[in-house]
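A.B. asks: I am sharing structure.tsv, which consists of TSV, C-alpha atoms and all ligand atoms:
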```
chain	number	residue	atom	x	y	z
A	1	MET	CA	-53.83	-172.95	102.59
A	2	THR	CA	-57.03	-174.14	100.85
A	3	ALA	CA	-56.73	-177.49	99.10
A	4	LEU	CA	-56.63	-177.34	95.29
A	5	LEU	CA	-60.05	-179.00	94.86
A	6	GLU	CA	-61.70	-177.99	98.15
A	7	GLY	CA	-65.49	-178.06	97.86
A	8	ARG	CA	-65.46	-179.76	94.46
A	9	ALA	CA	-67.34	-182.97	93.66
A	10	ALA	CA	-66.07	-185.39	91.02
A	11	ILE	CA	-67.02	-188.58	89.23
A	12	VAL	CA	-64.35	-190.95	87.93
A	13	THR	CA	-65.48	-193.87	85.76
A	14	GLY	CA	-63.66	-197.20	85.71
A	15	ALA	CA	-62.10	-196.18	89.01
A	16	ALA	CA	-62.09	-199.41	91.04
A	17	GLN	CA	-58.52	-200.12	89.89
A	18	GLY	CA	-55.62	-198.89	87.76
A	19	ILE	CA	-55.40	-195.32	86.51
A	20	GLY	CA	-58.97	-194.51	87.56
A	21	LEU	CA	-58.28	-195.48	91.18
A	22	ALA	CA	-55.12	-193.37	91.18
A	23	ILE	CA	-57.14	-190.44	89.81
A	24	ALA	CA	-59.85	-190.84	92.46
A	25	THR	CA	-57.16	-191.01	95.15
A	26	ALA	CA	-55.43	-187.86	93.90
A	27	LEU	CA	-58.70	-185.93	93.69
A	28	VAL	CA	-59.54	-186.88	97.29
A	29	GLU	CA	-56.02	-185.95	98.41
A	30	HIS	CA	-56.53	-182.52	96.82
A	31	GLY	CA	-59.78	-181.98	98.75
A	32	ALA	CA	-62.54	-183.21	96.41
A	33	ARG	CA	-65.38	-185.59	97.18
A	34	VAL	CA	-65.40	-188.37	94.62
A	35	THR	CA	-67.86	-190.88	93.20
A	36	ILE	CA	-65.99	-193.98	92.09
A	37	ALA	CA	-67.97	-195.70	89.32
A	38	ASP	CA	-67.14	-199.11	87.92
A	39	LEU	CA	-68.82	-202.13	86.35
A	40	ASP	CA	-68.25	-204.03	89.59
A	41	GLY	CA	-70.16	-202.10	92.26
A	42	ASP	CA	-68.68	-204.08	95.18
A	43	LYS	CA	-65.15	-203.36	93.99
A	44	ALA	CA	-66.03	-199.67	93.57
A	45	ALA	CA	-67.49	-199.58	97.10
A	46	ALA	CA	-64.36	-201.24	98.54
A	47	ALA	CA	-62.10	-198.76	96.73
A	48	ALA	CA	-64.18	-195.86	98.07
A	49	ALA	CA	-64.15	-197.24	101.62
A	50	ALA	CA	-60.35	-197.35	101.50
A	51	LEU	CA	-60.35	-193.63	100.65
A	52	GLY	CA	-62.52	-192.72	103.67
A	53	GLY	CA	-65.60	-190.53	103.95
A	54	ALA	CA	-64.84	-188.32	100.94
A	55	ALA	CA	-65.53	-191.11	98.45
A	56	ARG	CA	-68.51	-193.24	97.50
A	57	GLY	CA	-68.54	-196.23	95.18
A	58	VAL	CA	-71.30	-197.18	92.76
A	59	ALA	CA	-71.92	-199.66	89.96
A	60	CYS	CA	-72.12	-198.12	86.50
A	61	ASP	CA	-71.84	-199.43	82.96
A	62	VAL	CA	-70.72	-196.43	80.89
A	63	THR	CA	-72.21	-197.94	77.72
A	64	SER	CA	-75.73	-197.71	79.18
A	65	GLU	CA	-77.66	-194.46	78.87
A	66	GLU	CA	-79.77	-195.28	81.96
A	67	SER	CA	-76.73	-196.28	84.02
A	68	VAL	CA	-74.83	-193.07	83.21
A	69	ALA	CA	-77.91	-190.92	83.90
A	70	ALA	CA	-78.30	-192.63	87.29
A	71	LEU	CA	-74.59	-192.15	88.00
A	72	VAL	CA	-74.78	-188.40	87.43
A	73	SER	CA	-78.08	-187.84	89.26
A	74	GLY	CA	-76.90	-189.98	92.20
A	75	ALA	CA	-73.63	-188.08	92.45
A	76	VAL	CA	-75.41	-184.72	92.43
A	77	GLU	CA	-77.84	-185.98	95.07
A	78	ALA	CA	-75.00	-187.22	97.27
A	79	PHE	CA	-72.68	-184.21	97.01
A	80	GLY	CA	-75.02	-181.38	95.91
A	81	THR	CA	-72.91	-180.46	92.88
A	82	LEU	CA	-70.86	-181.95	90.05
A	83	ASP	CA	-67.69	-180.08	89.17
A	84	VAL	CA	-65.45	-182.71	87.60
A	85	LEU	CA	-66.08	-185.74	85.38
A	86	VAL	CA	-63.23	-188.03	84.40
A	87	ASN	CA	-64.18	-190.39	81.56
A	88	ASN	CA	-61.61	-193.09	82.28
A	89	ALA	CA	-63.39	-196.47	81.89
A	90	GLY	CA	-61.81	-198.51	79.14
A	91	ILE	CA	-61.15	-201.95	77.71
A	92	THR	CA	-58.84	-203.48	75.14
A	93	ARG	CA	-59.60	-206.33	72.74
A	94	ASP	CA	-56.27	-206.44	70.87
A	95	ALA	CA	-55.88	-208.56	67.74
A	96	SER	CA	-54.46	-208.23	64.24
A	97	LEU	CA	-56.90	-207.27	61.48
A	98	ARG	CA	-56.90	-210.92	60.37
A	99	LYS	CA	-58.01	-212.08	63.81
A	100	MET	CA	-60.09	-209.22	65.21
A	101	THR	CA	-63.81	-209.94	65.22
A	102	LEU	CA	-66.57	-207.42	64.64
A	103	ALA	CA	-67.56	-207.97	68.27
A	104	ASP	CA	-64.01	-207.01	69.38
A	105	PHE	CA	-64.24	-203.85	67.31
A	106	GLN	CA	-67.69	-202.89	68.50
A	107	ALA	CA	-67.00	-203.57	72.20
A	108	VAL	CA	-64.01	-201.23	72.25
A	109	ILE	CA	-65.70	-198.49	70.23
A	110	THR	CA	-68.80	-198.69	72.42
A	111	VAL	CA	-67.04	-198.48	75.81
A	112	HIS	CA	-64.69	-195.65	74.81
A	113	LEU	CA	-66.74	-193.55	72.40
A	114	GLN	CA	-70.33	-194.17	73.47
A	115	GLY	CA	-69.26	-194.27	77.13
A	116	THR	CA	-67.38	-190.98	76.94
A	117	TRP	CA	-70.15	-189.32	74.95
A	118	LEU	CA	-72.86	-190.41	77.39
A	119	GLY	CA	-70.74	-189.09	80.28
A	120	ILE	CA	-70.08	-185.73	78.62
A	121	ARG	CA	-73.74	-185.31	77.71
A	122	ALA	CA	-75.11	-186.13	81.17
A	123	ALA	CA	-72.49	-184.19	83.17
A	124	SER	CA	-72.61	-181.11	80.95
A	125	GLU	CA	-76.37	-180.78	81.56
A	126	VAL	CA	-75.56	-180.16	85.24
A	127	MET	CA	-72.35	-178.19	84.70
A	128	ARG	CA	-73.78	-175.71	82.18
A	129	GLU	CA	-76.49	-174.76	84.68
A	130	GLN	CA	-73.82	-174.22	87.36
A	131	LYS	CA	-71.68	-172.31	84.83
A	132	ARG	CA	-68.72	-174.32	86.05
A	133	GLY	CA	-67.20	-177.70	85.31
A	134	SER	CA	-64.18	-179.61	84.10
A	135	ILE	CA	-64.47	-182.76	82.01
A	136	ILE	CA	-61.34	-184.82	81.42
A	137	ASN	CA	-61.34	-187.61	78.86
A	138	ILE	CA	-58.71	-190.33	78.97
A	139	SER	CA	-57.52	-190.95	75.41
A	140	SER	CA	-54.22	-192.72	74.65
A	141	MET	CA	-51.03	-192.23	72.66
A	142	SER	CA	-52.44	-195.15	70.63
A	143	GLY	CA	-55.00	-192.64	69.32
A	144	LYS	CA	-52.19	-190.37	68.10
A	145	VAL	CA	-49.65	-192.78	66.63
A	146	GLY	CA	-51.75	-195.95	66.05
A	147	ASN	CA	-50.59	-199.29	67.41
A	148	PRO	CA	-50.56	-202.55	65.45
A	149	GLY	CA	-53.13	-204.94	66.93
A	150	GLN	CA	-55.20	-202.01	68.11
A	151	THR	CA	-57.19	-200.83	65.10
A	152	ASN	CA	-60.28	-200.74	67.33
A	153	TYR	CA	-58.62	-199.05	70.32
A	154	SER	CA	-56.58	-196.54	68.27
A	155	ALA	CA	-59.74	-195.49	66.40
A	156	ALA	CA	-61.67	-195.11	69.65
A	157	LYS	CA	-58.92	-193.11	71.35
A	158	ALA	CA	-58.49	-190.82	68.31
A	159	GLY	CA	-62.26	-190.37	68.30
A	160	ILE	CA	-62.11	-189.19	71.89
A	161	VAL	CA	-59.81	-186.37	70.77
A	162	GLY	CA	-62.33	-185.13	68.19
A	163	MET	CA	-65.16	-185.50	70.70
A	164	THR	CA	-63.17	-183.53	73.30
A	165	LYS	CA	-62.59	-180.62	70.92
A	166	ALA	CA	-66.19	-180.52	69.67
A	167	ALA	CA	-67.58	-180.60	73.21
A	168	ALA	CA	-65.03	-178.01	74.34
A	169	LYS	CA	-66.24	-175.61	71.63
A	170	GLU	CA	-69.90	-176.22	72.50
A	171	LEU	CA	-69.46	-175.80	76.24
A	172	ALA	CA	-66.75	-173.13	76.62
A	173	HIS	CA	-69.16	-170.20	76.87
A	174	HIS	CA	-71.08	-172.05	79.60
A	175	GLY	CA	-67.96	-172.16	81.80
A	176	VAL	CA	-67.40	-175.87	81.17
A	177	ARG	CA	-63.90	-176.96	80.10
A	178	VAL	CA	-63.26	-180.23	78.26
A	179	ASN	CA	-59.73	-181.59	77.90
A	180	ALA	CA	-58.09	-184.92	77.11
A	181	ILE	CA	-55.01	-186.77	78.29
A	182	GLN	CA	-53.07	-189.22	76.17
A	183	PRO	CA	-51.17	-191.57	78.49
A	184	GLY	CA	-48.33	-193.63	77.11
A	185	LEU	CA	-47.44	-197.00	78.62
A	186	ILE	CA	-48.69	-197.02	82.23
A	187	ARG	CA	-48.26	-199.91	84.68
A	188	THR	CA	-51.83	-201.16	85.40
A	189	PRO	CA	-53.86	-204.40	85.22
A	190	MET	CA	-54.60	-203.48	81.58
A	191	THR	CA	-50.94	-203.46	80.56
A	192	GLU	CA	-50.03	-206.38	82.84
A	193	ALA	CA	-52.04	-208.41	80.33
A	194	MET	CA	-49.38	-207.64	77.65
A	195	SER	CA	-46.71	-210.29	76.95
A	196	PRO	CA	-43.39	-209.52	78.71
A	197	GLU	CA	-41.76	-209.24	75.26
A	198	ALA	CA	-44.30	-206.68	74.00
A	199	TYR	CA	-44.05	-204.74	77.28
A	200	ALA	CA	-40.24	-204.63	77.12
A	201	ALA	CA	-40.28	-203.68	73.42
A	202	THR	CA	-42.66	-200.79	74.14
A	203	GLU	CA	-40.65	-199.64	77.15
A	204	ALA	CA	-37.50	-199.53	74.99
A	205	THR	CA	-39.15	-196.93	72.71
A	206	ILE	CA	-39.79	-194.49	75.58
A	207	PRO	CA	-37.23	-191.64	75.80
A	208	MET	CA	-37.50	-191.74	79.61
A	209	ARG	CA	-36.83	-195.51	79.38
A	210	ARG	CA	-39.58	-196.57	81.76
A	211	ALA	CA	-43.31	-197.09	81.92
A	212	GLY	CA	-45.33	-194.47	83.79
A	213	GLU	CA	-47.13	-195.01	87.08
A	214	PRO	CA	-50.91	-194.40	87.47
A	215	ASP	CA	-50.32	-191.48	89.83
A	216	GLU	CA	-48.31	-189.72	87.11
A	217	ILE	CA	-51.56	-189.53	85.11
A	218	ALA	CA	-53.57	-188.64	88.20
A	219	GLY	CA	-51.49	-185.53	88.90
A	220	VAL	CA	-52.25	-184.16	85.43
A	221	VAL	CA	-55.95	-184.89	85.93
A	222	ALA	CA	-55.92	-182.97	89.24
A	223	PHE	CA	-54.30	-180.03	87.45
A	224	LEU	CA	-56.89	-180.03	84.64
A	225	ALA	CA	-59.71	-180.41	87.18
A	226	SER	CA	-58.53	-177.37	89.12
A	227	ASP	CA	-58.55	-173.63	88.55
A	228	LEU	CA	-54.82	-173.84	87.76
A	229	ALA	CA	-56.06	-174.87	84.28
A	230	SER	CA	-58.83	-172.23	84.12
A	231	TYR	CA	-57.86	-171.03	80.61
A	232	MET	CA	-57.41	-174.50	79.10
A	233	THR	CA	-60.08	-176.18	77.04
A	234	GLY	CA	-59.91	-178.54	74.07
A	235	ALA	CA	-56.32	-179.37	74.98
A	236	VAL	CA	-54.80	-182.80	74.50
A	237	LEU	CA	-51.94	-183.45	76.92
A	238	GLU	CA	-49.45	-186.23	76.20
A	239	VAL	CA	-48.22	-187.93	79.37
A	240	SER	CA	-45.93	-190.53	77.91
A	241	GLY	CA	-42.34	-190.09	79.08
A	242	GLY	CA	-41.70	-188.53	75.69
A	243	ARG	CA	-42.96	-191.48	73.62
A	244	GLY	CA	-44.70	-190.51	70.39
A	245	MET	CA	-43.76	-186.82	70.50
A	301	LIG	P1	-57.83	-201.10	83.81
A	301	LIG	O1	-56.87	-201.38	84.91
A	301	LIG	O2	-58.32	-202.24	82.98
A	301	LIG	O3	-59.08	-200.32	84.44
A	301	LIG	C1	-60.19	-199.97	83.66
A	301	LIG	C2	-61.43	-200.02	84.53
A	301	LIG	O4	-62.56	-199.67	83.71
A	301	LIG	C3	-61.70	-201.44	85.09
A	301	LIG	O5	-62.04	-201.36	86.46
A	301	LIG	C4	-62.87	-201.89	84.25
A	301	LIG	O6	-63.71	-202.81	84.89
A	301	LIG	C5	-63.61	-200.59	84.01
A	301	LIG	N1	-64.57	-200.70	82.93
A	301	LIG	C6	-64.46	-201.40	81.78
A	301	LIG	N2	-65.59	-201.30	81.06
A	301	LIG	C7	-66.44	-200.51	81.76
A	301	LIG	C8	-67.77	-200.07	81.56
A	301	LIG	N3	-68.46	-200.41	80.47
A	301	LIG	N4	-68.32	-199.27	82.49
A	301	LIG	C9	-67.65	-198.93	83.61
A	301	LIG	N5	-66.38	-199.34	83.88
A	301	LIG	C10	-65.80	-200.13	82.96
A	301	LIG	O7	-57.25	-200.03	82.80
A	301	LIG	P2	-56.23	-198.79	83.02
A	301	LIG	O8	-54.94	-199.18	82.45
A	301	LIG	O9	-56.34	-198.26	84.39
A	301	LIG	O10	-56.90	-197.78	81.98
A	301	LIG	C11	-57.70	-196.67	82.36
A	301	LIG	C12	-57.91	-195.79	81.14
A	301	LIG	O11	-56.63	-195.33	80.67
A	301	LIG	C13	-58.56	-196.50	79.97
A	301	LIG	O12	-59.42	-195.62	79.27
A	301	LIG	C14	-57.38	-196.87	79.10
A	301	LIG	O13	-57.75	-197.06	77.76
A	301	LIG	C15	-56.50	-195.65	79.30
A	301	LIG	N6	-55.09	-195.84	78.99
A	301	LIG	C16	-54.34	-196.77	79.66
A	301	LIG	C17	-52.99	-196.92	79.34
A	301	LIG	C18	-52.09	-197.90	80.04
A	301	LIG	O14	-50.94	-198.02	79.62
A	301	LIG	N7	-52.53	-198.56	81.09
A	301	LIG	C19	-52.45	-196.14	78.33
A	301	LIG	C20	-53.23	-195.21	77.67
A	301	LIG	C21	-54.55	-195.07	78.02
A	301	LIG	P3	-63.46	-204.40	84.65
A	301	LIG	O15	-62.09	-204.68	85.21
A	301	LIG	O16	-64.56	-205.03	85.42
A	301	LIG	O17	-63.53	-204.60	83.17
```
For the structure just supplied, provide its representation as C-alpha cells.
C.D. replies:
Amino acid sequence: MTALLEGRAAIVTGAAQGIGLAIATALVEHGARVTIADLDGDKAAAAAAALGGAARGVACDVTSEESVAALVSGAVEAFGTLDVLVNNAGITRDASLRKMTLADFQAVITVHLQGTWLGIRAASEVMREQKRGSIINISSMSGKVGNPGQTNYSAAKAGIVGMTKAAAKELAHHGVRVNAIQPGLIRTPMTEAMSPEAYAATEATIPMRRAGEPDEIAGVVAFLASDLASYMTGAVLEVSGGRGM
C-alpha cells in the first residue's frame, strides 16, 4: 500500500522540539520528505538527523522576510517540490494587562501573524504554480475562547483563523488548501513553563480530563496534509479533548 504522503515534500516551522517535531516525525512516518525549520539551526539539524535521510534541518526566523524566502527556495531546491507547509513556530509572553509590555505584545503578534503570513505568501507562490498544496496553520483554543494573561497570544491565534480563511478563499481555485488547527492544552516545553497550579487548573477544565500529547496534533496535521482532506479548505479543527467546545 502506498504511504499517505508518499512523494510529498513538507516544511514545518518551529520543528526542533514540541508539537512541530511531532508533526515532522508524523509526516516522515507517512512517507513525506520534511524540512525542519527553527530559530536554532543546530537543533533543527539534530532533530532532522534523528529522523534519517527523509528530513533536513535549517535555521529560519519566521519573522524575517528574507529568512522565510530562503527557507522556501532551499526546500524546493532540496526536494524538487513543496506540497505541505505547516506554520507552527510560536512563542508566548504571558502577563496580565497591567504587566504586559508593548514589546511582549509585539513579539507575540509578530511571530504568529507576520510569521504565518510570510510562510503562506512564500509557499503559495510555489504551490499555485504546481496547482497543488496544503497549508496548515497552528492556531490555539486561546484564539477561540481567550485566556486571561494572553491578550497578545489570543489575539494572534484568532488572527490566524481570519488569515486562514482569507488565504483559503484566495487560493482554493489554484488547488491550494489552507486549514487551521486549534490545539488545547498539549504537553510541550511551552506548557512546561506554566506553574503546576495553572497547569492542573487547566487540565481540570478538559472533558477528557488530560492534556494532549504532541503526536495527537501531528496526526490531524498528517490528515489535513493528505488527499484524505482533499475537499477541506478554510476549516478550523479543534483538537482539545473537548475543551472550549
Ligand atoms: P515550543 O515547544 O515552544 O516550540 C516552538 C518552537 O518554535 C521552538 O523550537 C521555538 O524556538 C520555535 N520558534 C519560536 N520563534 C520562532 C521564530 N521566530 N522562527 C522560527 N522558529 C521559532 O511550543 P509548542 O508547544 O510545541 O507549540 C507549537 C505551536 O503550537 C505554537 O504555535 C503554539 O502557539 C501552538 N500551541 C501550543 C499549545 C500547547 O499547549 N503546547 C496549545 C495551542 C497551540 P525557541 O525554542 O528557540 O524559541
A.B. asks: Using all atoms listed in the file, what does the table of segment 71-95 of chain A residues within 12 Å of segment 5-8 of chain A look like, with each row giving the shortest atom pair and its distance in Å to one decimal, sorted by chain and ascending number, as a Markdown table?
C.D. replies:
```
| residue | atom | partner | partner_atom | distance |
| --- | --- | --- | --- | --- |
| A:Ala75 | CA | A:Arg8 | CA | 11.8 |
| A:Val76 | CA | A:Arg8 | CA | 11.3 |
| A:Phe79 | CA | A:Arg8 | CA | 8.9 |
| A:Gly80 | CA | A:Arg8 | CA | 9.8 |
| A:Thr81 | CA | A:Arg8 | CA | 7.6 |
| A:Leu82 | CA | A:Arg8 | CA | 7.3 |
| A:Asp83 | CA | A:Arg8 | CA | 5.7 |
| A:Val84 | CA | A:Arg8 | CA | 7.5 |
| A:Leu85 | CA | A:Arg8 | CA | 10.9 |
```
A.B. asks: Near Met194 of chain A, within 12 Å and counting all atoms listed in the file, which residues show up once chain neighbours fewer than 5 positions away are dropped, as a PyMOL selection string?
C.D. replies: chain A and resi 92-95+149+185-189+199-203
A.B. asks: Please identify the residues whose atoms come within 6 Å of ligand LIG 301 (chain A), using only C-alpha atoms and all ligand atoms, and report them as JSON, numbers by chain.
C.D. replies: {"A": [13, 14, 15, 16, 17, 18, 19, 20, 38, 39, 40, 60, 61, 62, 63, 88, 89, 90, 91, 111, 138, 139, 140, 183, 184, 185, 186, 187, 188, 189, 190, 191]}
A.B. asks: Atom CA of Glu213 of chain A to atom CA of Glu192 of chain A: how many Å, to one decimal?
C.D. replies: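 According to the coordinates, atom CA of Glu213 of chain A and atom CA of Glu192 of chain A are separated by 12.5 Å.
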A.B. asks: Looking at A:Ala235, A:Ile136, A:Leu71, A:Ala156, which one is nearest to Ala107 of chain A, with distances taken over all atoms listed in the file?
C.D. replies: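 Closest to Ala107 of chain A, using all atoms listed in the file: A:Ala156.
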A.B. asks: Would you mind telling me which residue in A:Gly146, A:Pro207, A:Gly119, A:Gly212 lies nearest to Ser73 of chain A when using all atoms listed in the file?
C.D. replies: A:Gly119
A.B. asks: So how far away is atom CA of Val176 of chain A from atom CA of Ile109 of chain A, in Å?
C.D. replies: 25.2 Å
A.B. asks: Give me, as a PyMOL selection string, all polymer residues having an atom no more than 12 Å from Ala122 of chain A, counting all atoms listed in the file and skipping those fewer than 3 positions away in the same chain.
C.D. replies: chain A and resi 11+62+64-76+82+85+87+115-119+125-129+135
A.B. asks: Would you export the selected residues with C-alpha atoms as a PDB file, in the frame of the given file, please?
C.D. replies:
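The new file selection_10.pdb reads:
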```pdb
ATOM      1  CA  ILE A  11     -67.020-188.580  89.230  1.00  0.00           C
ATOM      2  CA  VAL A  62     -70.720-196.430  80.890  1.00  0.00           C
ATOM      3  CA  SER A  64     -75.730-197.710  79.180  1.00  0.00           C
ATOM      4  CA  GLU A  65     -77.660-194.460  78.870  1.00  0.00           C
ATOM      5  CA  GLU A  66     -79.770-195.280  81.960  1.00  0.00           C
ATOM      6  CA  SER A  67     -76.730-196.280  84.020  1.00  0.00           C
ATOM      7  CA  VAL A  68     -74.830-193.070  83.210  1.00  0.00           C
ATOM      8  CA  ALA A  69     -77.910-190.920  83.900  1.00  0.00           C
ATOM      9  CA  ALA A  70     -78.300-192.630  87.290  1.00  0.00           C
ATOM     10  CA  LEU A  71     -74.590-192.150  88.000  1.00  0.00           C
ATOM     11  CA  VAL A  72     -74.780-188.400  87.430  1.00  0.00           C
ATOM     12  CA  SER A  73     -78.080-187.840  89.260  1.00  0.00           C
ATOM     13  CA  GLY A  74     -76.900-189.980  92.200  1.00  0.00           C
ATOM     14  CA  ALA A  75     -73.630-188.080  92.450  1.00  0.00           C
ATOM     15  CA  VAL A  76     -75.410-184.720  92.430  1.00  0.00           C
ATOM     16  CA  LEU A  82     -70.860-181.950  90.050  1.00  0.00           C
ATOM     17  CA  LEU A  85     -66.080-185.740  85.380  1.00  0.00           C
ATOM     18  CA  ASN A  87     -64.180-190.390  81.560  1.00  0.00           C
ATOM     19  CA  GLY A 115     -69.260-194.270  77.130  1.00  0.00           C
ATOM     20  CA  THR A 116     -67.380-190.980  76.940  1.00  0.00           C
ATOM     21  CA  TRP A 117     -70.150-189.320  74.950  1.00  0.00           C
ATOM     22  CA  LEU A 118     -72.860-190.410  77.390  1.00  0.00           C
ATOM     23  CA  GLY A 119     -70.740-189.090  80.280  1.00  0.00           C
ATOM     24  CA  GLU A 125     -76.370-180.780  81.560  1.00  0.00           C
ATOM     25  CA  VAL A 126     -75.560-180.160  85.240  1.00  0.00           C
ATOM     26  CA  MET A 127     -72.350-178.190  84.700  1.00  0.00           C
ATOM     27  CA  ARG A 128     -73.780-175.710  82.180  1.00  0.00           C
ATOM     28  CA  GLU A 129     -76.490-174.760  84.680  1.00  0.00           C
ATOM     29  CA  ILE A 135     -64.470-182.760  82.010  1.00  0.00           C
TER      30      ILE A 135
END
```
A.B. asks: Please indicate the distance in Å from atom CA of Ala218 of chain A to atom CA of Met245 of chain A, rounded to one decimal place.
C.D. replies: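 About the pair atom CA of Ala218 of chain A and atom CA of Met245 of chain A: they are 20.3 Å apart.
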A.B. asks: So, with all atoms listed in the file as the atoms that count, which of A:Ala54, A:Ala26, A:Ala59, A:Leu113 lies closest to Gly41 of chain A?
C.D. replies: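 That would be A:Ala59, the residue with the smallest distance to Gly41 of chain A.
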A.B. asks: Of the candidates A:Ala9, A:Ala158, A:Ile23, A:Ile120, which shows the shortest atom-to-atom distance to Thr35 of chain A, using only C-alpha atoms?
C.D. replies: A:Ala9
A.B. asks: How about completing segment 126-133 of chain A with all heavy atoms and giving it to me as an mmCIF file, keeping the file's coordinate frame?
C.D. replies:
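Below is the file that was written, result05.cif:
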```cif
data_model
loop_
_atom_site.group_PDB
_atom_site.id
_atom_site.type_symbol
_atom_site.label_atom_id
_atom_site.label_comp_id
_atom_site.auth_asym_id
_atom_site.auth_seq_id
_atom_site.Cartn_x
_atom_site.Cartn_y
_atom_site.Cartn_z
ATOM 1 N N VAL A 126 -75.661 -180.723 83.878
ATOM 2 C CA VAL A 126 -75.560 -180.160 85.240
ATOM 3 C C VAL A 126 -74.584 -178.996 85.241
ATOM 4 O O VAL A 126 -74.858 -177.921 85.783
ATOM 5 C CB VAL A 126 -75.072 -181.254 86.223
ATOM 6 C CG1 VAL A 126 -74.904 -180.671 87.628
ATOM 7 C CG2 VAL A 126 -76.012 -182.448 86.234
ATOM 8 N N MET A 127 -73.428 -179.185 84.624
ATOM 9 C CA MET A 127 -72.350 -178.190 84.700
ATOM 10 C C MET A 127 -72.722 -176.880 84.014
ATOM 11 O O MET A 127 -72.381 -175.797 84.492
ATOM 12 C CB MET A 127 -71.068 -178.765 84.097
ATOM 13 C CG MET A 127 -70.468 -179.891 84.913
ATOM 14 S SD MET A 127 -69.079 -180.656 84.026
ATOM 15 C CE MET A 127 -68.470 -181.798 85.263
ATOM 16 N N ARG A 128 -73.440 -176.957 82.889
ATOM 17 C CA ARG A 128 -73.780 -175.710 82.180
ATOM 18 C C ARG A 128 -74.738 -174.854 83.008
ATOM 19 O O ARG A 128 -74.687 -173.630 82.957
ATOM 20 C CB ARG A 128 -74.304 -175.979 80.770
ATOM 21 C CG ARG A 128 -75.568 -176.796 80.725
ATOM 22 C CD ARG A 128 -75.833 -177.331 79.325
ATOM 23 N NE ARG A 128 -76.124 -176.251 78.401
ATOM 24 C CZ ARG A 128 -76.020 -176.337 77.077
ATOM 25 N NH1 ARG A 128 -75.584 -177.444 76.524
ATOM 26 N NH2 ARG A 128 -76.346 -175.342 76.313
ATOM 27 N N GLU A 129 -75.596 -175.515 83.794
ATOM 28 C CA GLU A 129 -76.490 -174.760 84.680
ATOM 29 C C GLU A 129 -75.696 -174.075 85.784
ATOM 30 O O GLU A 129 -76.005 -172.960 86.190
ATOM 31 C CB GLU A 129 -77.533 -175.696 85.309
ATOM 32 C CG GLU A 129 -78.544 -176.259 84.324
ATOM 33 C CD GLU A 129 -79.296 -175.164 83.585
ATOM 34 O OE1 GLU A 129 -79.713 -174.184 84.221
ATOM 35 O OE2 GLU A 129 -79.439 -175.279 82.338
ATOM 36 N N GLN A 130 -74.671 -174.775 86.289
ATOM 37 C CA GLN A 130 -73.820 -174.220 87.360
ATOM 38 C C GLN A 130 -72.844 -173.167 86.839
ATOM 39 O O GLN A 130 -72.205 -172.469 87.591
ATOM 40 C CB GLN A 130 -72.961 -175.321 87.974
ATOM 41 C CG GLN A 130 -73.696 -176.445 88.638
ATOM 42 C CD GLN A 130 -72.759 -177.525 89.177
ATOM 43 O OE1 GLN A 130 -73.174 -178.349 89.943
ATOM 44 N NE2 GLN A 130 -71.498 -177.528 88.778
ATOM 45 N N LYS A 131 -72.665 -173.178 85.490
ATOM 46 C CA LYS A 131 -71.680 -172.310 84.830
ATOM 47 C C LYS A 131 -70.259 -172.650 85.277
ATOM 48 O O LYS A 131 -69.382 -171.792 85.331
ATOM 49 C CB LYS A 131 -71.966 -170.815 85.122
ATOM 50 C CG LYS A 131 -73.289 -170.334 84.585
ATOM 51 C CD LYS A 131 -73.132 -169.901 83.145
ATOM 52 C CE LYS A 131 -74.441 -169.539 82.487
ATOM 53 N NZ LYS A 131 -74.635 -170.171 81.198
ATOM 54 N N ARG A 132 -70.062 -173.914 85.645
ATOM 55 C CA ARG A 132 -68.720 -174.320 86.050
ATOM 56 C C ARG A 132 -68.585 -175.830 85.900
ATOM 57 O O ARG A 132 -69.483 -176.566 86.282
ATOM 58 C CB ARG A 132 -68.497 -173.959 87.523
ATOM 59 C CG ARG A 132 -67.095 -174.282 88.004
ATOM 60 C CD ARG A 132 -66.871 -173.839 89.436
ATOM 61 N NE ARG A 132 -67.369 -174.825 90.394
ATOM 62 C CZ ARG A 132 -67.189 -174.732 91.705
ATOM 63 N NH1 ARG A 132 -66.560 -173.701 92.202
ATOM 64 N NH2 ARG A 132 -67.652 -175.664 92.511
ATOM 65 N N GLY A 133 -67.447 -176.268 85.371
ATOM 66 C CA GLY A 133 -67.200 -177.700 85.310
ATOM 67 C C GLY A 133 -65.944 -178.002 84.514
ATOM 68 O O GLY A 133 -65.501 -177.207 83.681
#
```
